[in-house]
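Next comes target_12.pdb, a file with PDB, N, CA and C atoms.
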```pdb
MODEL        1
ATOM      1  N   MET J   1     -17.546 -21.704 -26.281
ATOM      2  CA  MET J   1     -17.660 -21.478 -24.859
ATOM      3  C   MET J   1     -19.013 -20.861 -24.544
ATOM      4  N   ALA J   2     -19.649 -21.320 -23.501
ATOM      5  CA  ALA J   2     -20.979 -20.839 -23.146
ATOM      6  C   ALA J   2     -20.919 -19.424 -22.579
ATOM      7  N   LEU J   3     -21.910 -18.621 -22.926
ATOM      8  CA  LEU J   3     -22.005 -17.257 -22.410
ATOM      9  C   LEU J   3     -23.326 -17.089 -21.678
ATOM     10  N   PRO J   4     -23.354 -16.263 -20.620
ATOM     11  CA  PRO J   4     -24.604 -16.059 -19.887
ATOM     12  C   PRO J   4     -25.597 -15.244 -20.721
ATOM     13  N   LYS J   5     -26.881 -15.616 -20.626
ATOM     14  CA  LYS J   5     -27.910 -14.879 -21.353
ATOM     15  C   LYS J   5     -28.223 -13.555 -20.693
ATOM     16  N   ARG J   6     -28.207 -13.543 -19.367
ATOM     17  CA  ARG J   6     -28.523 -12.332 -18.614
ATOM     18  C   ARG J   6     -27.375 -11.993 -17.674
ATOM     19  N   ARG J   7     -27.301 -10.718 -17.341
ATOM     20  CA  ARG J   7     -26.267 -10.236 -16.429
ATOM     21  C   ARG J   7     -26.581 -10.698 -15.016
ATOM     22  N   HIS J   8     -25.549 -11.136 -14.286
ATOM     23  CA  HIS J   8     -25.741 -11.499 -12.879
ATOM     24  C   HIS J   8     -25.736 -10.233 -12.050
ATOM     25  N   SER J   9     -26.566 -10.199 -11.026
ATOM     26  CA  SER J   9     -26.615  -9.024 -10.161
ATOM     27  C   SER J   9     -25.340  -8.931  -9.330
ATOM     28  N   ALA J  10     -25.070  -7.739  -8.794
ATOM     29  CA  ALA J  10     -23.885  -7.519  -7.961
ATOM     30  C   ALA J  10     -23.958  -8.373  -6.701
ATOM     31  N   ALA J  11     -25.169  -8.500  -6.142
ATOM     32  CA  ALA J  11     -25.342  -9.295  -4.923
ATOM     33  C   ALA J  11     -24.996 -10.762  -5.169
ATOM     34  N   ARG J  12     -25.378 -11.264  -6.336
ATOM     35  CA  ARG J  12     -25.099 -12.664  -6.652
ATOM     36  C   ARG J  12     -23.587 -12.908  -6.782
ATOM     37  N   GLY J  13     -22.903 -11.967  -7.418
ATOM     38  CA  GLY J  13     -21.451 -12.086  -7.554
ATOM     39  C   GLY J  13     -20.762 -11.978  -6.204
ATOM     40  N   ARG J  14     -21.259 -11.089  -5.358
ATOM     41  CA  ARG J  14     -20.666 -10.911  -4.023
ATOM     42  C   ARG J  14     -20.902 -12.130  -3.145
ATOM     43  N   LYS J  15     -22.054 -12.769  -3.303
ATOM     44  CA  LYS J  15     -22.316 -14.003  -2.548
ATOM     45  C   LYS J  15     -21.320 -15.089  -2.925
ATOM     46  N   ARG J  16     -20.988 -15.156  -4.199
ATOM     47  CA  ARG J  16     -20.034 -16.148  -4.664
ATOM     48  C   ARG J  16     -18.628 -15.846  -4.120
ATOM     49  N   ARG J  17     -18.292 -14.569  -4.041
ATOM     50  CA  ARG J  17     -16.955 -14.167  -3.611
ATOM     51  C   ARG J  17     -16.757 -14.169  -2.097
ATOM     52  N   THR J  18     -17.784 -14.468  -1.314
ATOM     53  CA  THR J  18     -17.632 -14.440   0.145
ATOM     54  C   THR J  18     -16.637 -15.470   0.635
ATOM     55  N   HIS J  19     -16.340 -16.479  -0.144
ATOM     56  CA  HIS J  19     -15.428 -17.536   0.273
ATOM     57  C   HIS J  19     -14.001 -17.298  -0.191
ATOM     58  N   TRP J  20     -13.747 -16.170  -0.873
ATOM     59  CA  TRP J  20     -12.392 -15.850  -1.303
ATOM     60  C   TRP J  20     -11.667 -15.191  -0.139
ATOM     61  N   LYS J  21     -11.152 -15.973   0.777
ATOM     62  CA  LYS J  21     -10.520 -15.425   1.965
ATOM     63  C   LYS J  21      -9.059 -15.827   2.018
ATOM     64  N   LEU J  22      -8.251 -14.962   2.588
ATOM     65  CA  LEU J  22      -6.856 -15.284   2.825
ATOM     66  C   LEU J  22      -6.746 -15.975   4.169
ATOM     67  N   THR J  23      -5.862 -16.943   4.265
ATOM     68  CA  THR J  23      -5.633 -17.606   5.540
ATOM     69  C   THR J  23      -4.261 -17.193   6.061
ATOM     70  N   ALA J  24      -4.165 -17.017   7.345
ATOM     71  CA  ALA J  24      -2.893 -16.650   7.961
ATOM     72  C   ALA J  24      -1.946 -17.844   7.879
ATOM     73  N   SER J  25      -0.673 -17.553   7.625
ATOM     74  CA  SER J  25       0.289 -18.645   7.525
ATOM     75  C   SER J  25       0.499 -19.276   8.896
ATOM     76  N   ASN J  26       0.662 -20.593   8.903
ATOM     77  CA  ASN J  26       0.801 -21.343  10.148
ATOM     78  C   ASN J  26       2.248 -21.273  10.607
ATOM     79  N   LEU J  27       2.513 -20.515  11.666
ATOM     80  CA  LEU J  27       3.863 -20.358  12.183
ATOM     81  C   LEU J  27       4.099 -21.327  13.331
ATOM     82  N   ILE J  28       5.285 -21.940  13.324
ATOM     83  CA  ILE J  28       5.666 -22.842  14.405
ATOM     84  C   ILE J  28       6.999 -22.355  14.960
ATOM     85  N   PRO J  29       7.325 -22.659  16.219
ATOM     86  CA  PRO J  29       8.624 -22.235  16.748
ATOM     87  C   PRO J  29       9.750 -23.099  16.172
ATOM     88  N   CYS J  30      10.849 -22.462  15.851
ATOM     89  CA  CYS J  30      12.028 -23.174  15.340
ATOM     90  C   CYS J  30      12.614 -24.008  16.485
ATOM     91  N   PRO J  31      12.936 -25.279  16.255
ATOM     92  CA  PRO J  31      13.496 -26.110  17.320
ATOM     93  C   PRO J  31      14.864 -25.626  17.808
ATOM     94  N   GLN J  32      15.611 -24.907  16.958
ATOM     95  CA  GLN J  32      16.950 -24.444  17.331
ATOM     96  C   GLN J  32      16.919 -23.126  18.103
ATOM     97  N   CYS J  33      16.301 -22.098  17.491
ATOM     98  CA  CYS J  33      16.367 -20.748  18.072
ATOM     99  C   CYS J  33      15.045 -20.278  18.674
ATOM    100  N   LYS J  34      13.991 -21.063  18.547
ATOM    101  CA  LYS J  34      12.667 -20.781  19.117
ATOM    102  C   LYS J  34      11.967 -19.564  18.496
ATOM    103  N   GLN J  35      12.457 -19.076  17.354
ATOM    104  CA  GLN J  35      11.798 -17.977  16.652
ATOM    105  C   GLN J  35      10.676 -18.551  15.784
ATOM    106  N   PRO J  36       9.580 -17.811  15.571
ATOM    107  CA  PRO J  36       8.504 -18.334  14.714
ATOM    108  C   PRO J  36       8.963 -18.451  13.264
ATOM    109  N   LYS J  37       8.607 -19.581  12.622
ATOM    110  CA  LYS J  37       8.943 -19.804  11.219
ATOM    111  C   LYS J  37       7.809 -20.559  10.554
ATOM    112  N   ILE J  38       7.760 -20.510   9.226
ATOM    113  CA  ILE J  38       6.759 -21.248   8.473
ATOM    114  C   ILE J  38       7.159 -22.724   8.472
ATOM    115  N   ALA J  39       6.201 -23.607   8.620
ATOM    116  CA  ALA J  39       6.470 -25.038   8.668
ATOM    117  C   ALA J  39       7.091 -25.520   7.359
ATOM    118  N   HIS J  40       8.008 -26.470   7.447
ATOM    119  CA  HIS J  40       8.673 -27.094   6.301
ATOM    120  C   HIS J  40       9.502 -26.097   5.493
ATOM    121  N   ARG J  41      10.059 -25.085   6.160
ATOM    122  CA  ARG J  41      10.927 -24.096   5.524
ATOM    123  C   ARG J  41      12.182 -23.929   6.376
ATOM    124  N   ILE J  42      13.249 -23.437   5.764
ATOM    125  CA  ILE J  42      14.473 -23.130   6.496
ATOM    126  C   ILE J  42      14.204 -21.918   7.384
ATOM    127  N   CYS J  43      14.728 -21.955   8.602
ATOM    128  CA  CYS J  43      14.567 -20.836   9.521
ATOM    129  C   CYS J  43      15.399 -19.661   9.011
ATOM    130  N   ALA J  44      14.785 -18.484   8.903
ATOM    131  CA  ALA J  44      15.481 -17.298   8.398
ATOM    132  C   ALA J  44      16.435 -16.718   9.427
ATOM    133  N   VAL J  45      16.261 -17.068  10.704
ATOM    134  CA  VAL J  45      17.098 -16.506  11.763
ATOM    135  C   VAL J  45      18.374 -17.323  11.943
ATOM    136  N   CYS J  46      18.249 -18.659  12.046
ATOM    137  CA  CYS J  46      19.423 -19.487  12.334
ATOM    138  C   CYS J  46      19.890 -20.332  11.139
ATOM    139  N   GLY J  47      19.042 -20.533  10.122
ATOM    140  CA  GLY J  47      19.442 -21.276   8.936
ATOM    141  C   GLY J  47      19.317 -22.783   9.064
ATOM    142  N   TYR J  48      18.635 -23.271  10.099
ATOM    143  CA  TYR J  48      18.500 -24.708  10.317
ATOM    144  C   TYR J  48      17.214 -25.236   9.689
ATOM    145  N   TYR J  49      17.272 -26.508   9.257
ATOM    146  CA  TYR J  49      16.095 -27.228   8.793
ATOM    147  C   TYR J  49      16.300 -28.701   9.113
ATOM    148  N   ASP J  50      15.334 -29.313   9.727
ATOM    149  CA  ASP J  50      15.340 -30.739  10.062
ATOM    150  C   ASP J  50      16.565 -31.124  10.892
ATOM    151  N   GLY J  51      16.927 -30.249  11.827
ATOM    152  CA  GLY J  51      18.000 -30.553  12.765
ATOM    153  C   GLY J  51      19.414 -30.346  12.260
ATOM    154  N   ARG J  52      19.568 -29.821  11.046
ATOM    155  CA  ARG J  52      20.915 -29.559  10.541
ATOM    156  C   ARG J  52      20.960 -28.184   9.894
ATOM    157  N   GLN J  53      22.157 -27.579   9.893
ATOM    158  CA  GLN J  53      22.303 -26.254   9.331
ATOM    159  C   GLN J  53      22.389 -26.356   7.815
ATOM    160  N   VAL J  54      21.474 -25.692   7.133
ATOM    161  CA  VAL J  54      21.386 -25.756   5.676
ATOM    162  C   VAL J  54      22.084 -24.549   5.048
ATOM    163  N   ILE J  55      21.850 -23.364   5.593
ATOM    164  CA  ILE J  55      22.501 -22.155   5.102
ATOM    165  C   ILE J  55      23.149 -21.441   6.280
ATOM    166  N   GLU J  56      24.198 -20.691   5.977
ATOM    167  CA  GLU J  56      24.877 -19.941   7.024
ATOM    168  C   GLU J  56      24.369 -18.506   6.984
ATOM    169  N   ILE J  57      23.878 -18.033   8.118
ATOM    170  CA  ILE J  57      23.330 -16.679   8.228
ATOM    171  C   ILE J  57      24.452 -15.752   8.686
ATOM    172  N   LYS J  58      24.680 -14.682   7.915
ATOM    173  CA  LYS J  58      25.698 -13.702   8.287
ATOM    174  C   LYS J  58      25.090 -12.683   9.244
ATOM    175  N   VAL J  59      25.841 -12.341  10.277
ATOM    176  CA  VAL J  59      25.380 -11.363  11.267
ATOM    177  C   VAL J  59      25.937 -10.006  10.889
ATOM    178  N   LYS J  60      25.053  -9.007  10.769
ATOM    179  CA  LYS J  60      25.486  -7.661  10.426
ATOM    180  C   LYS J  60      26.074  -6.995  11.662
ATOM    181  N   GLU J  61      27.212  -6.314  11.468
ATOM    182  CA  GLU J  61      27.823  -5.590  12.567
ATOM    183  C   GLU J  61      27.270  -4.179  12.600
ATOM    184  N   LYS J  62      27.007  -3.675  13.821
ATOM    185  CA  LYS J  62      26.473  -2.326  13.976
ATOM    186  C   LYS J  62      27.608  -1.315  13.867
ATOM    187  N   LYS J  63      27.339  -0.188  13.180
ATOM    188  CA  LYS J  63      28.325   0.866  13.048
ATOM    189  C   LYS J  63      28.272   1.774  14.277
ATOM    190  N   LYS J  64      29.423   2.242  14.694
ATOM    191  CA  LYS J  64      29.497   3.164  15.819
ATOM    192  C   LYS J  64      29.266   4.577  15.313
ATOM    193  N   LYS J  65      28.752   5.465  16.191
ATOM    194  CA  LYS J  65      28.433   6.835  15.798
ATOM    195  C   LYS J  65      29.682   7.640  15.454
ATOM    196  N   GLY J  66      30.792   7.435  16.140
ATOM    197  CA  GLY J  66      31.998   8.223  15.948
ATOM    198  C   GLY J  66      32.741   7.923  14.656
ATOM    199  N   GLN J  67      32.409   6.872  13.947
ATOM    200  CA  GLN J  67      33.182   6.508  12.755
ATOM    201  C   GLN J  67      32.530   6.917  11.482
TER
ENDMDL
END
```

Starting from the file, lay out its structure as structure tokens.
Amino acid sequence: MALPKRRHSAARGRKRRTHWKLTASNLIPCPQCKQPKIAHRICAVCGYYDGRQVIEIKVKEKKKKGQ
């Protein structure tokens, strides 16, 4: 494997790394519940994908203060 003869400067390495950027995930509204979701994924709120229910989402019941 080839090895560099001389050390690269910090500026040169930083110039190379300027393109290492994170991109924000592309969110689209769910056709069923209109909540934002990642494209081509099951909706975490309603459980639908491609117009049919794939998973059933359980709704948590709130506890009352007196109990």

(request) Would you please give, as a list in words, all residues of chain J that DSSP assigns to strand (DSSP E) based on the backbone? (result) Leu27, Ile28, Pro29, Pro36, Lys37, Ile38, Tyr48, Tyr49, Arg52 and Gln53 of chain J

Taken to one decimal, the atom C of Lys58 in chain J-atom N of Arg41 in chain J distance is 19.7 Å

**OP:** For CA of Tyr48 in chain J and CA of Lys34 in chain J, quote the distance in Å rounded to one decimal.
**Re:**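 About the pair CA of Tyr48 in chain J and CA of Lys34 in chain J: they are 11.3 Å apart.
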
Reference answer for the PyMOL selection byres ((chain J and resi 25) around 8), as a list in words =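 Applied to this file, the PyMOL selection byres ((chain J and resi 25) around 8) returns Leu22, Thr23, Ala24, Asn26, Leu27, Ile28, Lys37, Ile38 and Ala39 of chain J.
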
From CA of Lys21 in chain J to atom C of Arg6 in chain J the spacing works out at 26.1 Å

Step by step, work through what the PyMOL selection byres (((chain J and resi 46 and name CA) around 10) and name CA) selects in the shown file, and finish by giving those residues as a tab-separated table (two decimals) with N, CA and C atoms, in the coordinates of the input.
```tsv
chain	number	residue	atom	x	y	z
J	30	CYS	N	10.85	-22.46	15.85
J	30	CYS	CA	12.03	-23.17	15.34
J	30	CYS	C	12.61	-24.01	16.48
J	32	GLN	N	15.61	-24.91	16.96
J	32	GLN	CA	16.95	-24.44	17.33
J	32	GLN	C	16.92	-23.13	18.10
J	33	CYS	N	16.30	-22.10	17.49
J	33	CYS	CA	16.37	-20.75	18.07
J	33	CYS	C	15.04	-20.28	18.67
J	34	LYS	N	13.99	-21.06	18.55
J	34	LYS	CA	12.67	-20.78	19.12
J	34	LYS	C	11.97	-19.56	18.50
J	35	GLN	N	12.46	-19.08	17.35
J	35	GLN	CA	11.80	-17.98	16.65
J	35	GLN	C	10.68	-18.55	15.78
J	42	ILE	N	13.25	-23.44	5.76
J	42	ILE	CA	14.47	-23.13	6.50
J	42	ILE	C	14.20	-21.92	7.38
J	43	CYS	N	14.73	-21.96	8.60
J	43	CYS	CA	14.57	-20.84	9.52
J	43	CYS	C	15.40	-19.66	9.01
J	44	ALA	N	14.78	-18.48	8.90
J	44	ALA	CA	15.48	-17.30	8.40
J	44	ALA	C	16.43	-16.72	9.43
J	45	VAL	N	16.26	-17.07	10.70
J	45	VAL	CA	17.10	-16.51	11.76
J	45	VAL	C	18.37	-17.32	11.94
J	47	GLY	N	19.04	-20.53	10.12
J	47	GLY	CA	19.44	-21.28	8.94
J	47	GLY	C	19.32	-22.78	9.06
J	48	TYR	N	18.64	-23.27	10.10
J	48	TYR	CA	18.50	-24.71	10.32
J	48	TYR	C	17.21	-25.24	9.69
J	49	TYR	N	17.27	-26.51	9.26
J	49	TYR	CA	16.10	-27.23	8.79
J	49	TYR	C	16.30	-28.70	9.11
J	53	GLN	N	22.16	-27.58	9.89
J	53	GLN	CA	22.30	-26.25	9.33
J	53	GLN	C	22.39	-26.36	7.82
J	54	VAL	N	21.47	-25.69	7.13
J	54	VAL	CA	21.39	-25.76	5.68
J	54	VAL	C	22.08	-24.55	5.05
J	55	ILE	N	21.85	-23.36	5.59
J	55	ILE	CA	22.50	-22.16	5.10
J	55	ILE	C	23.15	-21.44	6.28
J	56	GLU	N	24.20	-20.69	5.98
J	56	GLU	CA	24.88	-19.94	7.02
J	56	GLU	C	24.37	-18.51	6.98
J	57	ILE	N	23.88	-18.03	8.12
J	57	ILE	CA	23.33	-16.68	8.23
J	57	ILE	C	24.45	-15.75	8.69
J	58	LYS	N	24.68	-14.68	7.92
J	58	LYS	CA	25.70	-13.70	8.29
J	58	LYS	C	25.09	-12.68	9.24
```

Q: From a DSSP pass on the backbone, collect the residues of chain J flagged as alpha helix (DSSP H) and hand them back as a list of chain:residue names.
A: J:Ala10, J:Ala11, J:Arg12, J:Gly13, J:Arg14, J:Lys15, J:Arg16, J:Arg17
